[in-house]
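The structure file structure-v4.pdb is reproduced below (PDB, C-alpha atoms).
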MODEL        1
ATOM      1  CA  MET A  17     118.044 184.040  28.018  1.00  0.00           C
ATOM      2  CA  LYS A  18     114.708 183.423  26.384  1.00  0.00           C
ATOM      3  CA  ILE A  19     113.671 180.066  24.988  1.00  0.00           C
ATOM      4  CA  ASP A  20     111.944 180.419  21.636  1.00  0.00           C
ATOM      5  CA  LYS A  21     110.900 178.179  18.760  1.00  0.00           C
ATOM      6  CA  ASP A  22     114.217 178.615  16.911  1.00  0.00           C
ATOM      7  CA  LEU A  23     116.188 177.376  19.922  1.00  0.00           C
ATOM      8  CA  ILE A  24     113.813 174.435  20.397  1.00  0.00           C
ATOM      9  CA  LEU A  25     114.202 173.490  16.715  1.00  0.00           C
ATOM     10  CA  LYS A  26     117.989 173.628  17.068  1.00  0.00           C
ATOM     11  CA  LEU A  27     117.919 171.504  20.239  1.00  0.00           C
ATOM     12  CA  GLU A  28     115.496 169.116  18.557  1.00  0.00           C
ATOM     13  CA  HIS A  29     117.933 168.678  15.672  1.00  0.00           C
ATOM     14  CA  LEU A  30     120.976 168.241  17.934  1.00  0.00           C
ATOM     15  CA  SER A  31     119.238 165.668  20.114  1.00  0.00           C
ATOM     16  CA  LYS A  32     117.750 163.834  17.118  1.00  0.00           C
ATOM     17  CA  LEU A  33     114.212 164.310  18.455  1.00  0.00           C
ATOM     18  CA  GLN A  34     111.076 164.873  16.445  1.00  0.00           C
ATOM     19  CA  LEU A  35     108.578 166.912  18.426  1.00  0.00           C
ATOM     20  CA  THR A  36     105.057 167.863  17.445  1.00  0.00           C
ATOM     21  CA  GLU A  37     103.978 171.524  17.519  1.00  0.00           C
ATOM     22  CA  GLU A  38     102.150 170.875  20.781  1.00  0.00           C
ATOM     23  CA  GLU A  39     105.270 169.293  22.335  1.00  0.00           C
ATOM     24  CA  ARG A  40     107.370 172.243  21.165  1.00  0.00           C
ATOM     25  CA  LYS A  41     104.966 174.705  22.805  1.00  0.00           C
ATOM     26  CA  ASN A  42     105.041 172.697  26.035  1.00  0.00           C
ATOM     27  CA  MET A  43     108.844 172.487  25.897  1.00  0.00           C
ATOM     28  CA  ILE A  44     109.163 176.253  25.426  1.00  0.00           C
ATOM     29  CA  GLY A  45     106.890 176.856  28.418  1.00  0.00           C
ATOM     30  CA  ASP A  46     108.664 174.308  30.630  1.00  0.00           C
ATOM     31  CA  LEU A  47     112.166 175.555  29.819  1.00  0.00           C
ATOM     32  CA  ASN A  48     111.151 179.199  30.321  1.00  0.00           C
ATOM     33  CA  ASN A  49     109.668 178.254  33.722  1.00  0.00           C
ATOM     34  CA  ILE A  50     112.948 176.566  34.680  1.00  0.00           C
ATOM     35  CA  LEU A  51     114.895 179.689  33.701  1.00  0.00           C
ATOM     36  CA  LYS A  52     112.517 181.869  35.756  1.00  0.00           C
ATOM     37  CA  MET A  53     113.088 179.614  38.767  1.00  0.00           C
ATOM     38  CA  VAL A  54     116.871 179.881  38.367  1.00  0.00           C
ATOM     39  CA  ASP A  55     116.586 183.679  38.086  1.00  0.00           C
ATOM     40  CA  LYS A  56     114.531 183.676  41.288  1.00  0.00           C
ATOM     41  CA  LEU A  57     117.268 181.659  43.026  1.00  0.00           C
ATOM     42  CA  ASN A  58     119.823 184.235  41.868  1.00  0.00           C
ATOM     43  CA  GLU A  59     117.886 186.889  43.818  1.00  0.00           C
ATOM     44  CA  ILE A  60     118.645 185.168  47.126  1.00  0.00           C
ATOM     45  CA  ASP A  61     121.258 186.943  49.255  1.00  0.00           C
ATOM     46  CA  THR A  62     124.027 184.412  49.871  1.00  0.00           C
ATOM     47  CA  GLU A  63     126.528 186.895  51.259  1.00  0.00           C
ATOM     48  CA  GLY A  64     128.503 185.261  54.056  1.00  0.00           C
ATOM     49  CA  VAL A  65     127.126 181.778  53.401  1.00  0.00           C
ATOM     50  CA  GLU A  66     129.861 179.186  53.091  1.00  0.00           C
ATOM     51  CA  PRO A  67     129.633 176.966  49.997  1.00  0.00           C
ATOM     52  CA  LEU A  68     128.315 173.517  50.779  1.00  0.00           C
ATOM     53  CA  THR A  69     130.807 170.750  50.143  1.00  0.00           C
ATOM     54  CA  TYR A  70     128.804 167.794  51.420  1.00  0.00           C
ATOM     55  CA  MET A  71     125.070 167.492  52.001  1.00  0.00           C
ATOM     56  CA  THR A  72     125.483 165.403  55.166  1.00  0.00           C
ATOM     57  CA  GLU A  73     128.067 164.746  57.823  1.00  0.00           C
ATOM     58  CA  ALA A  74     128.197 161.065  56.840  1.00  0.00           C
ATOM     59  CA  VAL A  75     131.615 159.651  56.052  1.00  0.00           C
ATOM     60  CA  ASN A  76     132.211 156.937  53.484  1.00  0.00           C
ATOM     61  CA  VAL A  77     132.492 153.526  55.037  1.00  0.00           C
ATOM     62  CA  PHE A  78     134.582 151.231  52.919  1.00  0.00           C
ATOM     63  CA  ARG A  79     134.245 147.483  53.101  1.00  0.00           C
ATOM     64  CA  GLU A  80     136.844 144.868  52.447  1.00  0.00           C
ATOM     65  CA  ASP A  81     137.009 143.687  48.853  1.00  0.00           C
ATOM     66  CA  GLU A  82     135.954 140.071  49.147  1.00  0.00           C
ATOM     67  CA  ILE A  83     135.234 137.511  46.465  1.00  0.00           C
ATOM     68  CA  LYS A  84     131.654 136.255  46.802  1.00  0.00           C
ATOM     69  CA  ASN A  85     129.311 134.162  44.666  1.00  0.00           C
ATOM     70  CA  GLN A  86     131.925 133.441  42.056  1.00  0.00           C
ATOM     71  CA  LEU A  87     130.722 131.599  38.917  1.00  0.00           C
ATOM     72  CA  SER A  88     132.675 128.962  37.110  1.00  0.00           C
ATOM     73  CA  ARG A  89     133.475 129.620  33.475  1.00  0.00           C
ATOM     74  CA  GLU A  90     130.947 126.975  32.397  1.00  0.00           C
ATOM     75  CA  GLU A  91     128.180 128.558  34.503  1.00  0.00           C
ATOM     76  CA  ALA A  92     128.958 132.032  33.167  1.00  0.00           C
ATOM     77  CA  LEU A  93     128.897 130.880  29.538  1.00  0.00           C
ATOM     78  CA  LYS A  94     125.888 128.561  29.949  1.00  0.00           C
ATOM     79  CA  ASN A  95     123.251 131.055  28.711  1.00  0.00           C
ATOM     80  CA  ALA A  96     125.458 133.004  26.308  1.00  0.00           C
ATOM     81  CA  PRO A  97     124.077 133.111  22.757  1.00  0.00           C
ATOM     82  CA  LYS A  98     127.521 132.425  21.282  1.00  0.00           C
ATOM     83  CA  THR A  99     130.824 131.293  22.808  1.00  0.00           C
ATOM     84  CA  ASP A 100     134.026 129.581  21.743  1.00  0.00           C
ATOM     85  CA  GLY A 101     134.064 127.496  24.921  1.00  0.00           C
ATOM     86  CA  LYS A 102     136.282 129.959  26.769  1.00  0.00           C
ATOM     87  CA  PHE A 103     134.934 133.431  25.951  1.00  0.00           C
ATOM     88  CA  PHE A 104     131.726 135.238  25.008  1.00  0.00           C
ATOM     89  CA  GLN A 105     131.563 135.956  21.299  1.00  0.00           C
ATOM     90  CA  VAL A 106     129.947 139.211  20.211  1.00  0.00           C
ATOM     91  CA  PRO A 107     129.521 140.909  16.836  1.00  0.00           C
ATOM     92  CA  LYS A 108     132.277 143.280  15.794  1.00  0.00           C
ATOM     93  CA  VAL A 109     131.157 146.882  16.316  1.00  0.00           C
ATOM     94  CA  ILE A 110     134.300 148.885  15.572  1.00  0.00           C
ATOM     95  CA  LYS A 111     135.284 149.301  11.947  1.00  0.00           C
ATOM     96  CA  LYS A 112     138.798 150.242  10.932  1.00  0.00           C
TER      97      LYS A 112
ENDMDL
END

Output the file's structure as structure tokens, nothing else.
Amino acid sequence: MKIDKDLILKLEHLSKLQLTEEERKNMIGDLNNILKMVDKLNEIDTEGVEPLTYMTEAVNVFREDEIKNQLSREEALKNAPKTDGKFFQVPKVIKK
């Protein structure tokens, strides 16, 4: 795969970015260098190498779920911009 200006323009549109010509040139170079590095990794002989499941031998250590530093309702709502006395009030963001 080769990264060219057409692909960068398409990605720019999809990601809602506005790049300058200089940024586009840099992006093309950077992405092509990344692809070259991945191609180089594909050259490595991994025959007989087991896939790595975990990076370390560490095992998850779970802690007990304890209630700590609990706030009262009044303390939690104290700095809220808008409340009804019981709950935070926020602007409606979902339209039907």

With all atoms listed in the file as the counted atoms, please give the residues lying no more than 12 Å from stretch 54-58 of chain A, apart from itself and same-chain residues fewer than 5 positions off, as a ChimeraX atom specification.
/A:17-18,47-49,63

Excluding A:Ala92 and any residue of its chain fewer than 6 positions from it, enumerate the residues within 12 Å of it, using all atoms listed in the file, and give them as a PyMOL selection string.
chain A and resi 85-86+98-99+101-104

Atom pair atom CA of A:Ser88 + atom CA of A:Lys108, distance 25.7 Å

Atomic separation - atom CA of A:Ile44 relative to atom CA of A:Ile24, Å
7.1 Å

Applied to the shown file, which residues does the PyMOL selection byres ((chain A and resi 43) around 12) return, written as an NGL selection string?
:A and (19-21 or 23-25 or 27-28 or 35-42 or 44-50)

What does the structure give for the distance between atom CA of A:Glu91 and atom CA of A:Arg79, in Å to one decimal?
27.2 Å

Please write N, CA and C atoms of stretch 37-79 of chain A, from the structure given just now, as an mmCIF file, in the first residue's frame.
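Written out: selection.cif:
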data_model
loop_
_atom_site.group_PDB
_atom_site.id
_atom_site.type_symbol
_atom_site.label_atom_id
_atom_site.label_comp_id
_atom_site.auth_asym_id
_atom_site.auth_seq_id
_atom_site.Cartn_x
_atom_site.Cartn_y
_atom_site.Cartn_z
ATOM 1 N N GLU A 37 -0.590 22.275 2.941
ATOM 2 C CA GLU A 37 0.180 21.465 1.983
ATOM 3 C C GLU A 37 1.410 20.877 2.653
ATOM 4 N N GLU A 38 2.062 21.681 3.487
ATOM 5 C CA GLU A 38 3.256 21.216 4.192
ATOM 6 C C GLU A 38 2.910 20.063 5.135
ATOM 7 N N GLU A 39 1.800 20.184 5.864
ATOM 8 C CA GLU A 39 1.363 19.112 6.769
ATOM 9 C C GLU A 39 1.003 17.859 5.994
ATOM 10 N N ARG A 40 0.387 18.021 4.824
ATOM 11 C CA ARG A 40 0.061 16.855 3.994
ATOM 12 C C ARG A 40 1.326 16.128 3.552
ATOM 13 N N LYS A 41 2.333 16.894 3.114
ATOM 14 C CA LYS A 41 3.598 16.283 2.693
ATOM 15 C C LYS A 41 4.240 15.531 3.846
ATOM 16 N N ASN A 42 4.240 16.153 5.031
ATOM 17 C CA ASN A 42 4.813 15.490 6.210
ATOM 18 C C ASN A 42 4.027 14.226 6.561
ATOM 19 N N MET A 43 2.701 14.300 6.459
ATOM 20 C CA MET A 43 1.851 13.160 6.781
ATOM 21 C C MET A 43 2.112 12.008 5.815
ATOM 22 N N ILE A 44 2.245 12.307 4.548
ATOM 23 C CA ILE A 44 2.541 11.279 3.543
ATOM 24 C C ILE A 44 3.857 10.596 3.880
ATOM 25 N N GLY A 45 4.879 11.395 4.186
ATOM 26 C CA GLY A 45 6.187 10.831 4.538
ATOM 27 C C GLY A 45 6.120 9.975 5.790
ATOM 28 N N ASP A 46 5.459 10.484 6.835
ATOM 29 C CA ASP A 46 5.370 9.750 8.100
ATOM 30 C C ASP A 46 4.626 8.431 7.930
ATOM 31 N N LEU A 47 3.482 8.464 7.243
ATOM 32 C CA LEU A 47 2.698 7.242 7.075
ATOM 33 C C LEU A 47 3.431 6.224 6.202
ATOM 34 N N ASN A 48 4.131 6.697 5.167
ATOM 35 C CA ASN A 48 4.913 5.771 4.337
ATOM 36 C C ASN A 48 6.046 5.142 5.142
ATOM 37 N N ASN A 49 6.662 5.924 6.049
ATOM 38 C CA ASN A 49 7.721 5.369 6.908
ATOM 39 C C ASN A 49 7.154 4.309 7.851
ATOM 40 N N ILE A 50 5.959 4.531 8.369
ATOM 41 C CA ILE A 50 5.322 3.541 9.239
ATOM 42 C C ILE A 50 5.063 2.253 8.456
ATOM 43 N N LEU A 51 4.559 2.378 7.234
ATOM 44 C CA LEU A 51 4.301 1.191 6.419
ATOM 45 C C LEU A 51 5.588 0.435 6.093
ATOM 46 N N LYS A 52 6.687 1.168 5.845
ATOM 47 C CA LYS A 52 7.975 0.519 5.591
ATOM 48 C C LYS A 52 8.424 -0.262 6.817
ATOM 49 N N MET A 53 8.221 0.319 8.000
ATOM 50 C CA MET A 53 8.614 -0.356 9.239
ATOM 51 C C MET A 53 7.804 -1.646 9.424
ATOM 52 N N VAL A 54 6.508 -1.584 9.143
ATOM 53 C CA VAL A 54 5.665 -2.773 9.273
ATOM 54 C C VAL A 54 6.100 -3.828 8.258
ATOM 55 N N ASP A 55 6.430 -3.422 7.037
ATOM 56 C CA ASP A 55 6.925 -4.375 6.043
ATOM 57 C C ASP A 55 8.225 -5.028 6.515
ATOM 58 N N LYS A 56 9.083 -4.240 7.146
ATOM 59 C CA LYS A 56 10.339 -4.773 7.674
ATOM 60 C C LYS A 56 10.055 -5.815 8.765
ATOM 61 N N LEU A 57 9.075 -5.535 9.615
ATOM 62 C CA LEU A 57 8.699 -6.501 10.656
ATOM 63 C C LEU A 57 8.167 -7.793 10.044
ATOM 64 N N ASN A 58 7.483 -7.679 8.906
ATOM 65 C CA ASN A 58 6.948 -8.874 8.246
ATOM 66 C C ASN A 58 8.050 -9.769 7.698
ATOM 67 N N GLU A 59 9.261 -9.238 7.538
ATOM 68 C CA GLU A 59 10.384 -10.023 7.034
ATOM 69 C C GLU A 59 10.972 -10.947 8.099
ATOM 70 N N ILE A 60 10.658 -10.676 9.361
ATOM 71 C CA ILE A 60 11.231 -11.459 10.455
ATOM 72 C C ILE A 60 10.654 -12.868 10.446
ATOM 73 N N ASP A 61 11.549 -13.866 10.595
ATOM 74 C CA ASP A 61 11.127 -15.262 10.631
ATOM 75 C C ASP A 61 10.572 -15.571 12.016
ATOM 76 N N THR A 62 9.281 -15.819 12.087
ATOM 77 C CA THR A 62 8.635 -16.134 13.366
ATOM 78 C C THR A 62 8.191 -17.594 13.416
ATOM 79 N N GLU A 63 8.743 -18.400 12.555
ATOM 80 C CA GLU A 63 8.401 -19.820 12.525
ATOM 81 C C GLU A 63 8.776 -20.460 13.857
ATOM 82 N N GLY A 64 7.816 -21.138 14.474
ATOM 83 C CA GLY A 64 8.074 -21.822 15.731
ATOM 84 C C GLY A 64 7.995 -20.942 16.967
ATOM 85 N N VAL A 65 7.705 -19.676 16.799
ATOM 86 C CA VAL A 65 7.590 -18.769 17.944
ATOM 87 C C VAL A 65 6.134 -18.741 18.381
ATOM 88 N N GLU A 66 5.916 -19.076 19.643
ATOM 89 C CA GLU A 66 4.555 -19.079 20.176
ATOM 90 C C GLU A 66 4.022 -17.647 20.275
ATOM 91 N N PRO A 67 2.756 -17.430 19.932
ATOM 92 C CA PRO A 67 2.181 -16.094 20.091
ATOM 93 C C PRO A 67 2.195 -15.687 21.553
ATOM 94 N N LEU A 68 2.445 -14.413 21.778
ATOM 95 C CA LEU A 68 2.515 -13.885 23.133
ATOM 96 C C LEU A 68 1.121 -13.515 23.603
ATOM 97 N N THR A 69 0.717 -14.081 24.727
ATOM 98 C CA THR A 69 -0.590 -13.766 25.282
ATOM 99 C C THR A 69 -0.484 -12.605 26.250
ATOM 100 N N TYR A 70 0.504 -12.682 27.139
ATOM 101 C CA TYR A 70 0.702 -11.629 28.136
ATOM 102 C C TYR A 70 2.150 -11.159 28.065
ATOM 103 N N MET A 71 2.365 -9.878 28.304
ATOM 104 C CA MET A 71 3.710 -9.326 28.243
ATOM 105 C C MET A 71 4.535 -9.688 29.473
ATOM 106 N N THR A 72 3.885 -9.930 30.605
ATOM 107 C CA THR A 72 4.611 -10.265 31.829
ATOM 108 C C THR A 72 3.947 -11.470 32.483
ATOM 109 N N GLU A 73 4.603 -11.970 33.492
ATOM 110 C CA GLU A 73 4.064 -13.094 34.250
ATOM 111 C C GLU A 73 3.159 -12.619 35.379
ATOM 112 N N ALA A 74 3.004 -11.315 35.528
ATOM 113 C CA ALA A 74 2.207 -10.755 36.621
ATOM 114 C C ALA A 74 0.749 -11.203 36.507
ATOM 115 N N VAL A 75 0.153 -11.441 37.651
ATOM 116 C CA VAL A 75 -1.240 -11.857 37.720
ATOM 117 C C VAL A 75 -2.025 -10.719 38.347
ATOM 118 N N ASN A 76 -3.239 -10.512 37.861
ATOM 119 C CA ASN A 76 -4.070 -9.453 38.443
ATOM 120 C C ASN A 76 -4.304 -9.712 39.925
ATOM 121 N N VAL A 77 -4.171 -8.661 40.688
ATOM 122 C CA VAL A 77 -4.449 -8.744 42.114
ATOM 123 C C VAL A 77 -5.672 -7.880 42.358
ATOM 124 N N PHE A 78 -6.749 -8.519 42.752
ATOM 125 C CA PHE A 78 -7.984 -7.787 42.960
ATOM 126 C C PHE A 78 -8.106 -7.389 44.417
ATOM 127 N N ARG A 79 -8.617 -6.216 44.651
ATOM 128 C CA ARG A 79 -8.826 -5.745 46.012
ATOM 129 C C ARG A 79 -10.301 -5.828 46.342
#
